[in-house]
>>> print(open('input_1.pdb').read())   # PDB, C-alpha atoms, pLDDT in the B column
ATOM      1  CA  MET J1253      -1.416  31.849  -4.235  1.00 86.00           C
ATOM      2  CA  PRO J1254      -3.774  32.223  -1.283  1.00 90.00           C
ATOM      3  CA  ASN J1255      -4.306  35.683   0.143  1.00 93.00           C
ATOM      4  CA  LYS J1256      -5.744  34.997   3.582  1.00 96.00           C
ATOM      5  CA  GLN J1257      -3.640  33.703   6.456  1.00 96.00           C
ATOM      6  CA  SER J1258      -5.923  30.704   7.066  1.00 96.00           C
ATOM      7  CA  ALA J1259      -5.780  29.747   3.387  1.00 96.00           C
ATOM      8  CA  LYS J1260      -1.976  29.912   3.459  1.00 96.00           C
ATOM      9  CA  LYS J1261      -1.874  27.658   6.495  1.00 97.00           C
ATOM     10  CA  GLU J1262      -4.308  25.223   4.875  1.00 97.00           C
ATOM     11  CA  LEU J1263      -2.075  25.086   1.797  1.00 96.00           C
ATOM     12  CA  ARG J1264       0.943  24.250   3.982  1.00 97.00           C
ATOM     13  CA  LYS J1265      -1.037  21.498   5.717  1.00 97.00           C
ATOM     14  CA  THR J1266      -2.217  20.072   2.405  1.00 97.00           C
ATOM     15  CA  ILE J1267       1.317  19.939   1.018  1.00 97.00           C
ATOM     16  CA  LYS J1268       2.584  18.229   4.175  1.00 97.00           C
ATOM     17  CA  ARG J1269      -0.239  15.645   4.131  1.00 96.00           C
ATOM     18  CA  LYS J1270       0.219  14.944   0.428  1.00 96.00           C
ATOM     19  CA  LYS J1271       3.928  14.291   0.916  1.00 97.00           C
ATOM     20  CA  ALA J1272       3.231  11.835   3.763  1.00 95.00           C
ATOM     21  CA  ASN J1273       0.445  10.078   1.853  1.00 95.00           C
ATOM     22  CA  ASN J1274       2.571   9.731  -1.278  1.00 96.00           C
ATOM     23  CA  SER J1275       5.421   8.144   0.666  1.00 96.00           C
ATOM     24  CA  ILE J1276       3.052   5.627   2.293  1.00 95.00           C
ATOM     25  CA  LYS J1277       1.473   4.878  -1.072  1.00 96.00           C
ATOM     26  CA  ALA J1278       4.876   4.388  -2.727  1.00 97.00           C
ATOM     27  CA  ASN J1279       6.059   2.038   0.035  1.00 96.00           C
ATOM     28  CA  THR J1280       2.899  -0.039  -0.247  1.00 96.00           C
ATOM     29  CA  LYS J1281       3.180  -0.262  -4.025  1.00 96.00           C
ATOM     30  CA  LYS J1282       6.781  -1.428  -3.623  1.00 97.00           C
ATOM     31  CA  LEU J1283       5.667  -4.059  -1.098  1.00 95.00           C
ATOM     32  CA  ILE J1284       2.961  -5.297  -3.470  1.00 95.00           C
ATOM     33  CA  LYS J1285       5.372  -5.522  -6.405  1.00 95.00           C
ATOM     34  CA  ASP J1286       8.012  -7.335  -4.359  1.00 92.00           C
ATOM     35  CA  THR J1287       5.473  -9.800  -2.952  1.00 92.00           C
ATOM     36  CA  ILE J1288       4.057 -10.590  -6.389  1.00 90.00           C
ATOM     37  CA  LYS J1289       7.564 -10.969  -7.797  1.00 89.00           C
ATOM     38  CA  ASN J1290       8.408 -13.460  -5.020  1.00 86.00           C
ATOM     39  CA  LEU J1291       5.206 -15.398  -5.653  1.00 86.00           C
ATOM     40  CA  GLU J1292       5.774 -15.604  -9.395  1.00 84.00           C
ATOM     41  CA  SER J1293       9.482 -16.394  -9.247  1.00 81.00           C
ATOM     42  CA  LYS J1294      10.626 -19.909  -9.999  1.00 70.00           C
ATOM     43  CA  GLU J1295      12.894 -19.997  -6.956  1.00 74.00           C
ATOM     44  CA  VAL J1296      11.784 -21.984  -3.960  1.00 70.00           C
ATOM     45  CA  VAL J1297      11.245 -19.561  -1.100  1.00 69.00           C
ATOM     46  CA  ALA J1298      10.341 -20.624   2.415  1.00 75.00           C
ATOM     47  CA  LYS J1299       6.576 -20.598   2.959  1.00 78.00           C
ATOM     48  CA  ASP J1300       6.853 -18.707   6.221  1.00 81.00           C
ATOM     49  CA  LYS J1301       8.736 -15.886   4.472  1.00 84.00           C
ATOM     50  CA  VAL J1302       6.107 -15.686   1.747  1.00 85.00           C
ATOM     51  CA  THR J1303       3.213 -15.654   4.202  1.00 88.00           C
ATOM     52  CA  ALA J1304       4.980 -13.020   6.294  1.00 91.00           C
ATOM     53  CA  ALA J1305       5.465 -10.849   3.200  1.00 91.00           C
ATOM     54  CA  ILE J1306       1.807 -11.254   2.242  1.00 93.00           C
ATOM     55  CA  ASN J1307       0.680 -10.372   5.764  1.00 94.00           C
ATOM     56  CA  ASN J1308       2.893  -7.264   5.850  1.00 95.00           C
ATOM     57  CA  THR J1309       1.538  -6.150   2.496  1.00 96.00           C
ATOM     58  CA  ILE J1310      -2.077  -6.662   3.576  1.00 96.00           C
ATOM     59  CA  GLN J1311      -1.427  -4.741   6.803  1.00 96.00           C
ATOM     60  CA  SER J1312       0.031  -1.884   4.798  1.00 96.00           C
ATOM     61  CA  ILE J1313      -2.990  -1.827   2.470  1.00 97.00           C
ATOM     62  CA  ASP J1314      -5.343  -1.827   5.468  1.00 97.00           C
ATOM     63  CA  LYS J1315      -3.423   1.036   7.055  1.00 95.00           C
ATOM     64  CA  MET J1316      -3.756   3.093   3.885  1.00 96.00           C
ATOM     65  CA  MET J1317      -7.490   2.393   3.857  1.00 96.00           C
ATOM     66  CA  ARG J1318      -7.895   3.408   7.507  1.00 96.00           C
ATOM     67  CA  LYS J1319      -6.036   6.669   6.906  1.00 94.00           C
ATOM     68  CA  GLY J1320      -8.221   7.434   3.893  1.00 95.00           C
ATOM     69  CA  ILE J1321      -5.420   7.321   1.352  1.00 95.00           C
ATOM     70  CA  ILE J1322      -7.277   4.707  -0.697  1.00 95.00           C
ATOM     71  CA  LYS J1323     -10.918   3.701  -0.717  1.00 96.00           C
ATOM     72  CA  LYS J1324     -12.334   0.566   0.871  1.00 97.00           C
ATOM     73  CA  ASN J1325     -13.134  -1.180  -2.421  1.00 98.00           C
ATOM     74  CA  THR J1326      -9.679  -0.437  -3.807  1.00 97.00           C
ATOM     75  CA  ALA J1327      -8.091  -1.987  -0.732  1.00 97.00           C
ATOM     76  CA  SER J1328     -10.330  -5.049  -1.013  1.00 97.00           C
ATOM     77  CA  ARG J1329      -9.495  -5.442  -4.691  1.00 97.00           C
ATOM     78  CA  GLN J1330      -5.749  -5.208  -4.056  1.00 96.00           C
ATOM     79  CA  LYS J1331      -5.894  -7.712  -1.201  1.00 96.00           C
ATOM     80  CA  SER J1332      -8.012 -10.110  -3.265  1.00 96.00           C
ATOM     81  CA  LYS J1333      -5.579  -9.917  -6.181  1.00 95.00           C
ATOM     82  CA  LEU J1334      -2.701 -10.656  -3.840  1.00 94.00           C
ATOM     83  CA  GLN J1335      -4.458 -13.618  -2.224  1.00 94.00           C
ATOM     84  CA  LYS J1336      -5.384 -15.094  -5.630  1.00 94.00           C
ATOM     85  CA  LYS J1337      -1.758 -14.996  -6.693  1.00 91.00           C
ATOM     86  CA  ALA J1338      -0.695 -16.528  -3.378  1.00 90.00           C
ATOM     87  CA  ASN J1339      -3.219 -19.366  -3.723  1.00 90.00           C
ATOM     88  CA  LYS J1340      -2.179 -19.974  -7.316  1.00 88.00           C
ATOM     89  CA  ALA J1341       1.489 -20.171  -6.300  1.00 81.00           C
ATOM     90  CA  LYS J1342       0.831 -22.860  -3.669  1.00 72.00           C
TER      91      LYS J1342
END
>>> encode(input="input_1.pdb", output="structure tokens")
Amino acid sequence: MPNKQSAKKELRKTIKRKKANNSIKANTKKLIKDTIKNLESKEVVAKDKVTAAINNTIQSIDKMMRKGIIKKNTASRQKSKLQKKANKAK
């Protein structure tokens, strides 16, 4: 437990930021899983829906990178993995 007032405030800020970052991270992971599931499913899904889902997922990954939640190389790796699966599904 912090003793100084500034340390207490910093702890509150850290907790608040962590909660926000975790929610963004969880939403992005869900988007990635759903997109991959749609790509790998045997059902015929409209191409425009699939490309829209891929674009939304990539935008979400980029947003996480810009905010510093994930590193640049991690974002690139995730996007590359997604694009490979999309190209394979076509």
>>> atom_distance(input="input_1.pdb", atom1="atom CA of J:Ser1328", atom2="atom CA of J:Leu1283")
16.0 Å
>>> closest_residue(input="input_1.pdb", among="J:Ser1258, J:Arg1264, J:Val1302, J:Arg1329", to="J:Asp1286", atoms="only C-alpha atoms")
J:Val1302
>>> residues_around(input="input_1.pdb", residues="J:Ile1310", least_positions_apart="4", cutoff="8 Å", atoms="all atoms listed in the file", output="list in words")
Ile1306, Asp1314 and Lys1331 of chain J
>>> closest_residue(input="input_1.pdb", among="J:Lys1337, J:Thr1326, J:Gly1320, J:Lys1342", to="J:Asn1273", atoms="all atoms listed in the file")
J:Gly1320
>>> atom_distance(input="input_1.pdb", atom1="atom CA of J:Ile1276", atom2="atom CA of J:Thr1309")
11.9 Å
>>> resolve_selection(input="input_1.pdb", expression="the PyMOL selection byres ((chain J and resi 1292) around 12)", output="PDB file with C-alpha atoms, in the coordinates of the input")
ATOM      1  CA  LYS J1285       5.372  -5.522  -6.405  1.00 95.00           C
ATOM      2  CA  ASP J1286       8.012  -7.335  -4.359  1.00 92.00           C
ATOM      3  CA  THR J1287       5.473  -9.800  -2.952  1.00 92.00           C
ATOM      4  CA  ILE J1288       4.057 -10.590  -6.389  1.00 90.00           C
ATOM      5  CA  LYS J1289       7.564 -10.969  -7.797  1.00 89.00           C
ATOM      6  CA  ASN J1290       8.408 -13.460  -5.020  1.00 86.00           C
ATOM      7  CA  LEU J1291       5.206 -15.398  -5.653  1.00 86.00           C
ATOM      8  CA  SER J1293       9.482 -16.394  -9.247  1.00 81.00           C
ATOM      9  CA  LYS J1294      10.626 -19.909  -9.999  1.00 70.00           C
ATOM     10  CA  GLU J1295      12.894 -19.997  -6.956  1.00 74.00           C
ATOM     11  CA  VAL J1296      11.784 -21.984  -3.960  1.00 70.00           C
ATOM     12  CA  VAL J1297      11.245 -19.561  -1.100  1.00 69.00           C
ATOM     13  CA  VAL J1302       6.107 -15.686   1.747  1.00 85.00           C
ATOM     14  CA  LEU J1334      -2.701 -10.656  -3.840  1.00 94.00           C
ATOM     15  CA  LYS J1336      -5.384 -15.094  -5.630  1.00 94.00           C
ATOM     16  CA  LYS J1337      -1.758 -14.996  -6.693  1.00 91.00           C
ATOM     17  CA  ALA J1338      -0.695 -16.528  -3.378  1.00 90.00           C
ATOM     18  CA  ASN J1339      -3.219 -19.366  -3.723  1.00 90.00           C
ATOM     19  CA  LYS J1340      -2.179 -19.974  -7.316  1.00 88.00           C
ATOM     20  CA  ALA J1341       1.489 -20.171  -6.300  1.00 81.00           C
ATOM     21  CA  LYS J1342       0.831 -22.860  -3.669  1.00 72.00           C
TER      22      LYS J1342
END
>>> atom_distance(input="input_1.pdb", atom1="atom CA of J:Asp1300", atom2="atom CA of J:Ala1327")
23.5 Å
>>> closest_residue(input="input_1.pdb", among="J:Lys1324, J:Lys1315, J:Gln1335, J:Arg1269", to="J:Thr1303", atoms="all atoms listed in the file")
J:Gln1335
>>> residues_around(input="input_1.pdb", residues="J:Thr1280", least_positions_apart="6", cutoff="9 Å", atoms="only C-alpha atoms", output="list in words")
Thr1309, Ser1312, Ile1313 and Met1316 of chain J
>>> write_last_selection(input="input_1.pdb", atoms="C-alpha atoms", output="PDB file, in the coordinates of the input")
ATOM      1  CA  THR J1309       1.538  -6.150   2.496  1.00 96.00           C
ATOM      2  CA  SER J1312       0.031  -1.884   4.798  1.00 96.00           C
ATOM      3  CA  ILE J1313      -2.990  -1.827   2.470  1.00 97.00           C
ATOM      4  CA  MET J1316      -3.756   3.093   3.885  1.00 96.00           C
TER       5      MET J1316
END
>>> closest_residue(input="input_1.pdb", among="J:Asn1308, J:Lys1265, J:Lys1333, J:Asn1325", to="J:Asn1279", atoms="all atoms listed in the file")
J:Asn1308
>>> closest_residue(input="input_1.pdb", among="J:Glu1262, J:Gln1311, J:Pro1254, J:Ile1321", to="J:Asn1274", atoms="all atoms listed in the file")
J:Ile1321
>>> axis_aligned_box(input="input_1.pdb", around="stretch 1326-1335 of chain J", padding_each_side="6 Å", output="lines of an AutoDock Vina configuration file")
center_x = -6.5
center_y = -7.0
center_z = -3.5
size_x = 19.6
size_y = 25.2
size_z = 17.4
>>> decode(input="input_1.pdb", residues="stretch 1304-1332 of chain J", atoms="N, CA and C atoms", output="short mmCIF file (atom, residue, chain, number, x, y, z; two decimals), in the first residue's frame")
data_model
loop_
_atom_site.label_atom_id
_atom_site.label_comp_id
_atom_site.auth_asym_id
_atom_site.auth_seq_id
_atom_site.Cartn_x
_atom_site.Cartn_y
_atom_site.Cartn_z
N ALA J 1304 -14.97 -7.22 -44.50
CA ALA J 1304 -15.31 -6.21 -43.50
C ALA J 1304 -14.86 -6.65 -42.11
N ALA J 1305 -15.05 -7.94 -41.80
CA ALA J 1305 -14.62 -8.46 -40.50
C ALA J 1305 -13.10 -8.40 -40.37
N ILE J 1306 -12.40 -8.73 -41.44
CA ILE J 1306 -10.93 -8.68 -41.42
C ILE J 1306 -10.47 -7.24 -41.22
N ASN J 1307 -11.08 -6.32 -41.94
CA ASN J 1307 -10.70 -4.91 -41.81
C ASN J 1307 -10.95 -4.37 -40.40
N ASN J 1308 -12.09 -4.74 -39.81
CA ASN J 1308 -12.39 -4.30 -38.45
C ASN J 1308 -11.37 -4.86 -37.46
N THR J 1309 -11.00 -6.11 -37.66
CA THR J 1309 -10.02 -6.74 -36.77
C THR J 1309 -8.66 -6.06 -36.90
N ILE J 1310 -8.25 -5.78 -38.12
CA ILE J 1310 -6.95 -5.12 -38.34
C ILE J 1310 -6.96 -3.71 -37.75
N GLN J 1311 -8.08 -3.00 -37.89
CA GLN J 1311 -8.18 -1.67 -37.29
C GLN J 1311 -8.06 -1.73 -35.78
N SER J 1312 -8.68 -2.75 -35.19
CA SER J 1312 -8.62 -2.91 -33.75
C SER J 1312 -7.19 -3.22 -33.28
N ILE J 1313 -6.49 -4.06 -34.04
CA ILE J 1313 -5.10 -4.38 -33.71
C ILE J 1313 -4.24 -3.13 -33.81
N ASP J 1314 -4.44 -2.35 -34.88
CA ASP J 1314 -3.68 -1.11 -35.06
C ASP J 1314 -3.94 -0.12 -33.92
N LYS J 1315 -5.18 -0.04 -33.49
CA LYS J 1315 -5.54 0.86 -32.40
C LYS J 1315 -4.83 0.46 -31.11
N MET J 1316 -4.77 -0.85 -30.85
CA MET J 1316 -4.06 -1.32 -29.67
C MET J 1316 -2.57 -0.97 -29.75
N MET J 1317 -2.01 -1.08 -30.95
CA MET J 1317 -0.60 -0.76 -31.13
C MET J 1317 -0.36 0.74 -30.89
N ARG J 1318 -1.23 1.57 -31.44
CA ARG J 1318 -1.07 3.02 -31.28
C ARG J 1318 -1.16 3.44 -29.82
N LYS J 1319 -2.04 2.77 -29.07
CA LYS J 1319 -2.21 3.11 -27.66
C LYS J 1319 -1.12 2.52 -26.78
N GLY J 1320 -0.29 1.65 -27.35
CA GLY J 1320 0.80 1.06 -26.58
C GLY J 1320 0.40 -0.16 -25.78
N ILE J 1321 -0.74 -0.74 -26.09
CA ILE J 1321 -1.19 -1.92 -25.37
C ILE J 1321 -0.38 -3.13 -25.83
N ILE J 1322 -0.10 -3.21 -27.13
CA ILE J 1322 0.77 -4.25 -27.66
C ILE J 1322 1.89 -3.59 -28.44
N LYS J 1323 2.95 -4.35 -28.67
CA LYS J 1323 4.10 -3.81 -29.39
C LYS J 1323 3.87 -3.90 -30.89
N LYS J 1324 4.70 -3.16 -31.62
CA LYS J 1324 4.57 -3.05 -33.07
C LYS J 1324 4.73 -4.42 -33.75
N ASN J 1325 5.73 -5.18 -33.34
CA ASN J 1325 5.98 -6.48 -33.97
C ASN J 1325 4.86 -7.47 -33.66
N THR J 1326 4.30 -7.39 -32.49
CA THR J 1326 3.18 -8.26 -32.13
C THR J 1326 1.98 -7.96 -33.03
N ALA J 1327 1.72 -6.68 -33.22
CA ALA J 1327 0.61 -6.28 -34.09
C ALA J 1327 0.85 -6.76 -35.52
N SER J 1328 2.06 -6.60 -36.01
CA SER J 1328 2.38 -7.04 -37.36
C SER J 1328 2.21 -8.54 -37.50
N ARG J 1329 2.66 -9.28 -36.49
CA ARG J 1329 2.54 -10.74 -36.53
C ARG J 1329 1.08 -11.17 -36.54
N GLN J 1330 0.25 -10.54 -35.72
CA GLN J 1330 -1.17 -10.89 -35.67
C GLN J 1330 -1.86 -10.58 -36.99
N LYS J 1331 -1.54 -9.42 -37.56
CA LYS J 1331 -2.16 -9.04 -38.83
C LYS J 1331 -1.72 -9.98 -39.94
N SER J 1332 -0.45 -10.36 -39.95
CA SER J 1332 0.08 -11.26 -40.97
C SER J 1332 -0.60 -12.62 -40.88
#
